[in-house]
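Enquirer: Dumping the structure here so I can ask a few things about it.
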Amino acid sequence: MKTLFEKIPELDEFAEVCGYLSQRGWSEGSGGNLSFRIKTPSYIATKHKNTSNPVALPVAVPELAGQSLLISGTETRAREIALRPAENIGLYIIADDGQSFYWLAGNKNPTSELPSHCAIHQTLCRYRPEQRAIIHTHPPLLIALTQCAEFQKAEHLSELILSMQSEARLQLPEGVGLLDFHVPGSLELGEASAKLMQYHQIILWYMHGALASGKTLSHALDQLEVVNKAAEIFWILKSAGCEPCGMSRENMQKSLSQFGRLQRYEQAFNYQHRS
Ligand SMILES: [Zn+2]
């Protein structure tokens with residue numbers, strides 16, 4: 001018989017998305033981590049909040065006060081989360097002052113990147129509150145892109161890669177963000193990502209992996225699949241000895257205009273060229 005925690009509907013989606021990440025070879029070993037902001041089930045909050053100790057957060061996240069996170073446990077494997085979600089995913093509530101969190105249910109040892117996830121969720125709460133999901137994973141085709149000399153500027157990467165397939169830029173008019181090297185798992189990486197997440201739904205980390213936000217974990221995975229498909233086309237052409245040319249800017253703008261997304265594209269383009 002299922003426990004109250006196991007009955008949380010978002011747990012099933014969490015497991016399903018982890019299964020896909022594992023099948024794609026994007027989350028090798030215990031690589032990657034995911035989180036999903038949910039409304040705290042009252043029966044779980046009252047049962048557990050008084051019995052666990054608060055853990056201080058290194059960054060204050062006042063926008064998250066009283067909200068809960070489903071988040072992967074430390075050293076957990078995506079393939080095992082897919083099979084046994086309740087063992088490998090923990091539910092935590094952010095304290096009312098936004099400066100600490102409490103364990104509520106499930107896995108008791110969250111990923112060490114929980115503070116980074118909190119910082120990124122805080123950005124989402126401010127700028128895209130409808131987006132409640134974060135995926136960090138290691139897609140090899142995207143990691144390879146970060147090592148190309150021609151893509152050391154995010155706007156160059158977005159302009160060419162998202163022009164490899166005619167619908168990619170429609171999905172991501174703001175393009176893809178790009179971060180320099182940061183120590184894996186560091187709070188600096190989390191804070192830099194949180195800052196950039198204001199503008200982008202996908203961020204590539206130099207020589208490391210990708211970060212995606214979405215309304216749900218499935219939606220965040222959709223965004224990753226879009227960029228990955230575009231990158232796959234780029235690498236197929238490169239491997240065949242062809243120089244990828246991509247859609248012309250004129251056709252790109254025509255297409256974005258048709259779908260009412262040209263302004264988002266131009267705002268991002270102007271922002272990137274200023275920075
Ligand atoms: Zn990673």
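Residues are named by chain letter and number: chains run A, B, ... in the order of the structure tokens, numbers start at 1 in each chain, and ligands are numbered from 1 in the order shown.
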Which residues form the shell of 8 Å around ligand 1 when you count only C-alpha atoms and all ligand atoms, given as a PyMOL selection string?

Expert: chain A and resi 31-33+136-138+184-185+208-210

Enquirer: According to DSSP computed on the backbone, where in segment 36-210 of chain A is there strand (DSSP E)? Give the residues as a short mmCIF file (atom, residue, chain, number, x, y, z; two decimals) with C-alpha atoms, in the first residue's frame.

Expert:
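Saved result, states-v4.cif, follows:
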```cif
data_model
loop_
_atom_site.label_atom_id
_atom_site.label_comp_id
_atom_site.auth_asym_id
_atom_site.auth_seq_id
_atom_site.Cartn_x
_atom_site.Cartn_y
_atom_site.Cartn_z
CA PHE A 36 10.14 20.39 -8.77
CA ARG A 37 8.47 23.12 -6.71
CA ILE A 38 5.13 21.95 -5.39
CA VAL A 55 19.13 23.11 7.87
CA ALA A 56 20.52 26.58 7.13
CA SER A 68 8.19 22.74 -1.04
CA LEU A 69 10.67 21.05 -3.31
CA LEU A 70 10.82 17.53 -4.57
CA ILE A 71 14.53 17.02 -5.23
CA SER A 72 16.81 14.12 -6.09
CA ILE A 89 13.59 11.67 -4.04
CA GLY A 90 13.13 13.84 -0.97
CA LEU A 91 10.44 16.38 -0.13
CA TYR A 92 11.60 19.53 1.68
CA ILE A 93 9.86 22.70 2.81
CA ILE A 94 11.54 26.10 2.87
CA SER A 100 16.58 27.25 6.06
CA PHE A 101 14.73 24.12 5.01
CA TYR A 102 13.18 21.09 6.68
CA TRP A 103 12.99 17.51 5.49
CA LEU A 104 9.39 16.35 5.15
CA ALA A 105 9.38 12.92 3.48
CA GLY A 106 11.23 10.45 1.26
CA ALA A 133 10.79 22.47 -12.70
CA ILE A 134 14.56 22.33 -13.08
CA ILE A 135 16.64 19.63 -14.75
CA HIS A 136 20.41 19.48 -14.71
CA THR A 137 21.87 16.73 -16.91
CA GLY A 177 22.57 30.90 -22.19
CA LEU A 178 26.19 29.90 -21.77
CA LEU A 179 28.31 29.88 -18.61
CA ILE A 202 18.23 26.58 -21.22
CA ILE A 203 21.78 27.23 -20.06
CA LEU A 204 24.85 25.29 -21.17
CA TRP A 205 27.70 24.92 -18.70
CA GLY A 209 26.24 19.90 -19.07
CA ALA A 210 22.92 21.66 -19.39
#
```

Enquirer: Mind checking which residues fall within 8 Å of Leu189 of chain A, counting only C-alpha atoms, ignoring those fewer than 6 positions away in the same chain, and posting them as a PyMOL selection string?

Expert: chain A and resi 116+182-183

Enquirer: Wanna dump the segment 81-200 of chain A-segment 247-264 of chain A contacts at 12 Å for me, each residue with its shortest atom pair and the distance in Å to one decimal, counting only C-alpha atoms, ordered by chain and number, as a tab-separated table?

Expert:
```
residue	atom	partner	partner_atom	distance
A:Glu159	CA	A:Arg249	CA	8.5
A:Leu160	CA	A:Met247	CA	8.2
A:Ile161	CA	A:Met247	CA	9.8
A:Leu162	CA	A:Met247	CA	8.9
A:Ser163	CA	A:Met247	CA	5.1
A:Met164	CA	A:Met247	CA	6.7
A:Gln165	CA	A:Met247	CA	7.8
A:Ser166	CA	A:Met247	CA	7.3
A:Glu167	CA	A:Ser255	CA	8.6
A:Ala168	CA	A:Met252	CA	10.1
A:Arg169	CA	A:Leu256	CA	7.8
A:Leu170	CA	A:Leu256	CA	6.1
A:Gln171	CA	A:Arg261	CA	9.2
A:Leu172	CA	A:Arg264	CA	9.1
A:Pro173	CA	A:Arg264	CA	5.8
A:Glu174	CA	A:Arg264	CA	6.0
A:Gly175	CA	A:Arg264	CA	9.5
A:Tyr199	CA	A:Arg264	CA	10.0
A:His200	CA	A:Arg264	CA	10.8
```

Enquirer: If you run DSSP on the backbone, which residues of segment 70-226 of chain A are alpha helix (DSSP H), as number ranges by chain?

Expert: A: 78-83, 85-88, 114-127, 140-145, 154-161, 168-171, 187-196, 217-226
